[in-house]
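Visitor: Structure incoming, see below.
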Amino acid sequence: TVPVIIDCDTGVDDALALLFAVRHPGIDLRAVTCVAGNTDVDGVVRNTLTVLEIAGAGDVPVGRGAERPLIEPARSARHVHGADGMGDLGLPAPARLPADVDAVTLLRREILASPRPVTLVPTAPLTNIALLLRTHPEVTRNIERIVFMGGAVATGNATPVAEFNVWHDPEAAAVLLTAGVPITMYGLDVFERVVVPGPRVRRLRESAEPGARLAGALLSHRPATPAADGDDPGGGIGDAGAVCAVVDPAGITTRALPVEVSLAPGPARGQTVVDRRSRPGEAEIHEGTREQALVDVALDVDVDRFVRLWLDTVAG
Ligand code: BDR
Ligand code: CA
């Protein structure tokens with residue numbers, strides 16, 4: 001099994017990622033840490049604890065992390081994830097509290113305590129991860145890889161060019177990209193494409209098993225556009241695709257490319273600038289080539305393969 005820690009802002013599709021991680025036999029989910037993003041951090045903690053309880057994983061440690069990005073104010077995504085950040089499904093309050101240490105301390109503890117190097121899966125703004133890397137840089141020696149949902153090669157969502165998680169805390173994303181560990185960018189280009197067909201979503205909603213039923217309700221909150229199946233839109237698994245890529249890396253096609261976050265104020269702030277050129281341009285000819293870390297950028301995804309993997313795992 002792969003030791004995994006998810007850093008999330010649960011979040012409708014973060015919940016789909018948690019349900020998958022808890023149930024996949026190849027994953028040893030060692031901790032979950034929470035950060036402000038889709039909703040405020042206390043809402044994220046509550047949602048995360050509730051989802052883990054429904055999934056039968058009430059013993060996985062949960063850490064409360066940053067209340068806001070490094071520089072920007074917190075800006076929730078209520079219009080996407082509902083007022084409670086979880087599709088306003090009226091879920092029960094959790095029975096337990098988060099860990100008595102903060103997210104960064106919990107991340108450090110669990111990463112260093114793991115007998116095998118950990119795969120870190122951020123599915124949220126990267127504030128906790130940046131704070132971790134700057135506060136406890138020694139953790140990188142026991143990190144196998146960071147597979148993060150964020151960024152976009154082509155079109156953004158928060159702005160025309162910036163994806164929400166990177167846009168919400170661009171400085172934190174810049175810290176991540178220069179962490180010096182192997183990184184996979186599971187960006188919007190693949191994120192949007194993995195959609196569970198409508199009839200399967202309906203079946204999940206009608207399931208007698210609470211985790212599968214929750215998954216069905218959450219997917220119904222994420223209708224795909226355009227509809228994959230006539231009038232029945234189905235639902236995108238979103239962040240869960242990044243966790244699928246951990247257990248089934250062959251399901252995505254990646255290329256090692258230089259990626260840089262645009263930090264300047266203005267219309268490109270938060271854009272992940274991905275260099276897909278095959279030869280140097282005028283900038284390099286005139287100014288010399290800059291040293292830039294390479295990121296394994298997901299350019300394509302085998303949609304059927306990830307839909308099947310996610311469904312087989314969550315629906316049982
Ligand atoms: C990302 O932002 C959030 O709304 C989703 O949970 C996902 O992590 C997509 O831009
Ligand atoms: Ca998320």
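By convention here, the chains of the structure tokens are called A, B, ... in the order presented, each chain's residues are numbered starting at 1, and ligands are numbered starting at 1 in the order presented.
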Near A:Val196, counting only C-alpha atoms, which residues have an atom at most 7 Å away, once you skip same-chain residues fewer than 5 positions from it, shown as a compact mmCIF listing (two decimals) with N, CA and C atoms, in the first residue's frame?
Guide:
```
# COMPACT_ATOMS: atom_id res chain seq x y z
N VAL A 201 -24.74 7.63 -11.42
CA VAL A 201 -24.92 8.55 -10.29
C VAL A 201 -26.24 8.23 -9.59
N GLY A 234 -24.79 13.59 -15.39
CA GLY A 234 -23.73 12.88 -14.68
C GLY A 234 -23.00 13.85 -13.77
N GLY A 235 -21.91 13.40 -13.16
CA GLY A 235 -21.19 14.28 -12.25
C GLY A 235 -19.70 14.03 -12.31
N GLY A 236 -18.93 15.12 -12.23
CA GLY A 236 -17.47 15.01 -12.29
C GLY A 236 -16.87 14.61 -10.95
N VAL A 307 -13.02 6.55 -14.32
CA VAL A 307 -14.42 6.43 -13.87
C VAL A 307 -14.63 5.03 -13.29
```
Visitor: When the cut-off is 7 Å and you count only C-alpha atoms and all ligand atoms, which residues lie near ligand 1, shown as a short mmCIF file (atom, residue, chain, number, x, y, z; two decimals) with N, CA and C atoms, in the first residue's frame?
Guide:
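Writing the result to pocket35.cif gives the following:
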```
data_model
loop_
_atom_site.label_atom_id
_atom_site.label_comp_id
_atom_site.auth_asym_id
_atom_site.auth_seq_id
_atom_site.Cartn_x
_atom_site.Cartn_y
_atom_site.Cartn_z
N ASP A 9 -9.84 21.04 1.07
CA ASP A 9 -10.76 22.10 1.50
C ASP A 9 -12.21 21.62 1.28
N THR A 10 -12.50 20.49 1.84
CA THR A 10 -13.78 19.77 1.62
C THR A 10 -14.98 20.69 1.78
N GLY A 11 -15.70 20.95 0.72
CA GLY A 11 -15.46 20.67 -0.69
C GLY A 11 -16.11 19.38 -1.19
N VAL A 12 -17.11 19.61 -2.13
CA VAL A 12 -17.85 18.51 -2.71
C VAL A 12 -16.91 17.46 -3.31
N ASP A 13 -16.00 17.88 -4.17
CA ASP A 13 -15.16 16.86 -4.84
C ASP A 13 -13.99 16.43 -3.98
N ASP A 14 -13.60 17.24 -3.00
CA ASP A 14 -12.61 16.76 -2.02
C ASP A 14 -13.21 15.57 -1.28
N ASN A 38 -12.56 26.27 -0.38
CA ASN A 38 -13.96 26.26 -0.81
C ASN A 38 -14.87 26.92 0.23
N ALA A 77 -15.64 29.50 -2.25
CA ALA A 77 -16.25 29.13 -3.53
C ALA A 77 -17.67 28.63 -3.27
N VAL A 80 -20.05 27.45 -5.91
CA VAL A 80 -19.82 26.11 -6.48
C VAL A 80 -20.16 25.03 -5.46
N THR A 123 -5.48 18.89 -2.53
CA THR A 123 -6.60 19.12 -3.44
C THR A 123 -7.24 20.47 -3.11
N ALA A 124 -6.42 21.41 -2.73
CA ALA A 124 -6.91 22.68 -2.18
C ALA A 124 -5.82 23.74 -2.38
N MET A 149 -3.88 18.68 -7.11
CA MET A 149 -4.89 19.18 -8.03
C MET A 149 -4.76 20.69 -8.02
N GLY A 150 -4.45 21.22 -9.18
CA GLY A 150 -4.34 22.67 -9.28
C GLY A 150 -3.72 23.05 -10.59
N ASN A 157 -10.42 28.59 -14.29
CA ASN A 157 -11.83 28.68 -13.87
C ASN A 157 -12.06 29.91 -12.98
N GLU A 163 -6.55 28.71 -12.27
CA GLU A 163 -7.37 27.69 -11.60
C GLU A 163 -7.54 28.09 -10.14
N PHE A 164 -8.66 27.74 -9.52
CA PHE A 164 -9.00 28.21 -8.17
C PHE A 164 -7.92 27.96 -7.12
N ASN A 165 -7.42 26.72 -7.00
CA ASN A 165 -6.49 26.41 -5.90
C ASN A 165 -5.21 27.24 -6.00
N LEU A 188 -6.68 21.50 -14.38
CA LEU A 188 -8.04 21.57 -14.93
C LEU A 188 -8.19 20.83 -16.25
N GLY A 238 -13.81 15.28 -10.12
CA GLY A 238 -12.94 16.40 -9.73
C GLY A 238 -11.68 15.98 -9.01
N ASP A 239 -11.50 16.49 -7.79
CA ASP A 239 -10.29 16.24 -7.00
C ASP A 239 -9.97 14.74 -6.86
#
```
Visitor: Tell me, which residues of stretch 98-225 of chain A carry DSSP strand (DSSP E or B), written as a list in words?
Guide: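 Restricting stretch 98-225 of chain A to strand (DSSP E or B) produces Asp102, Val118, Thr119, Leu120, Val121, Pro122, Ile143, Glu144, Arg145, Ile146, Val147, Phe148, Met149, Ala162, Ile183, Thr184, Met185, Tyr186, Val195, Val196 and Pro223 of chain A.
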Visitor: Neighbouring residues of A:Val261 were defined as those with any atom within 7 Å, considering only C-alpha atoms; residues of the same chain fewer than 3 positions away were excluded. Please report them as a list in words.
Guide: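 Skipping anything fewer than 3 positions along the chain leaves Pro170, Ala174, Gly270, Gln271, Thr272 and Val273 of chain A.
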Visitor: Need the shell around A:Gly58: protein/DNA/RNA residues with any atom at most 10 Å away, counting only C-alpha atoms. Skip same-chain ones fewer than 3 positions apart. Format as an NGL selection string?
Guide: :A and (49-55 or 61-62 or 94-96)
Visitor: Take the residues just selected and output them with N, CA and C atoms as a compact mmCIF listing (two decimals), in the first residue's frame.
Guide:
```
# COMPACT_ATOMS: atom_id res chain seq x y z
N LEU A 49 -14.36 15.79 8.81
CA LEU A 49 -14.61 14.81 9.88
C LEU A 49 -15.89 14.02 9.58
N THR A 50 -16.92 14.72 9.11
CA THR A 50 -18.19 14.04 8.83
C THR A 50 -18.03 13.02 7.71
N VAL A 51 -17.35 13.42 6.65
CA VAL A 51 -17.17 12.50 5.51
C VAL A 51 -16.39 11.27 5.96
N LEU A 52 -15.33 11.48 6.73
CA LEU A 52 -14.53 10.33 7.18
C LEU A 52 -15.38 9.41 8.06
N GLU A 53 -16.23 9.99 8.90
CA GLU A 53 -17.09 9.15 9.74
C GLU A 53 -18.05 8.33 8.89
N ILE A 54 -18.67 8.98 7.92
CA ILE A 54 -19.63 8.25 7.06
C ILE A 54 -18.89 7.15 6.30
N ALA A 55 -17.62 7.40 5.95
CA ALA A 55 -16.85 6.40 5.20
C ALA A 55 -16.28 5.32 6.11
N PRO A 61 -6.41 10.71 11.62
CA PRO A 61 -6.22 12.03 12.22
C PRO A 61 -6.49 13.16 11.24
N VAL A 62 -7.17 14.20 11.73
CA VAL A 62 -7.52 15.36 10.90
C VAL A 62 -6.93 16.61 11.55
N PRO A 94 -20.06 16.25 12.97
CA PRO A 94 -19.18 15.13 13.32
C PRO A 94 -19.20 14.85 14.83
N ALA A 95 -18.86 13.61 15.18
CA ALA A 95 -18.87 13.24 16.60
C ALA A 95 -17.56 13.60 17.29
N ARG A 96 -16.49 13.81 16.52
CA ARG A 96 -15.21 14.08 17.17
C ARG A 96 -14.63 15.43 16.76
```
Visitor: I'd like to know which of A:Asp300, A:Glu171, A:Asp100, A:Asp7 is closest to ligand 2, using only C-alpha atoms and all ligand atoms.
Guide: A:Asp7
Visitor: Neighbours of A:Asp248 within 12 Å (only C-alpha atoms; same-chain residues fewer than 3 positions away dropped), as a ChimeraX atom specification?
Guide: /A:2,24,26-27,241-245,251-253,301-302,305-310
Visitor: Please save C-alpha atoms of the selected residues as an mmCIF file, in the first residue's frame.
Guide:
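Okay, part_34.cif is ready:
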```cif
data_model
loop_
_atom_site.group_PDB
_atom_site.id
_atom_site.type_symbol
_atom_site.label_atom_id
_atom_site.label_comp_id
_atom_site.auth_asym_id
_atom_site.auth_seq_id
_atom_site.Cartn_x
_atom_site.Cartn_y
_atom_site.Cartn_z
ATOM 1 C CA VAL A 2 0.999 3.625 -0.605
ATOM 2 C CA HIS A 24 -8.960 1.866 -1.951
ATOM 3 C CA GLY A 26 -3.785 0.203 -2.166
ATOM 4 C CA ILE A 27 -3.924 3.366 -0.032
ATOM 5 C CA GLY A 241 -9.001 12.090 -10.018
ATOM 6 C CA ALA A 242 -5.747 13.221 -8.382
ATOM 7 C CA VAL A 243 -6.015 10.328 -5.917
ATOM 8 C CA CYS A 244 -6.824 7.934 -8.781
ATOM 9 C CA ALA A 245 -3.555 9.099 -10.366
ATOM 10 C CA GLY A 251 -4.266 6.460 -16.294
ATOM 11 C CA ILE A 252 -2.794 9.887 -17.018
ATOM 12 C CA THR A 253 -0.330 10.962 -19.681
ATOM 13 C CA VAL A 301 -6.484 11.194 -18.879
ATOM 14 C CA ASP A 302 -8.062 7.851 -19.702
ATOM 15 C CA ARG A 305 -10.357 3.951 -16.752
ATOM 16 C CA PHE A 306 -10.603 6.533 -13.937
ATOM 17 C CA VAL A 307 -14.416 6.427 -13.866
ATOM 18 C CA ARG A 308 -14.263 2.646 -13.530
ATOM 19 C CA LEU A 309 -11.510 2.771 -10.903
ATOM 20 C CA TRP A 310 -13.354 5.342 -8.813
#
```
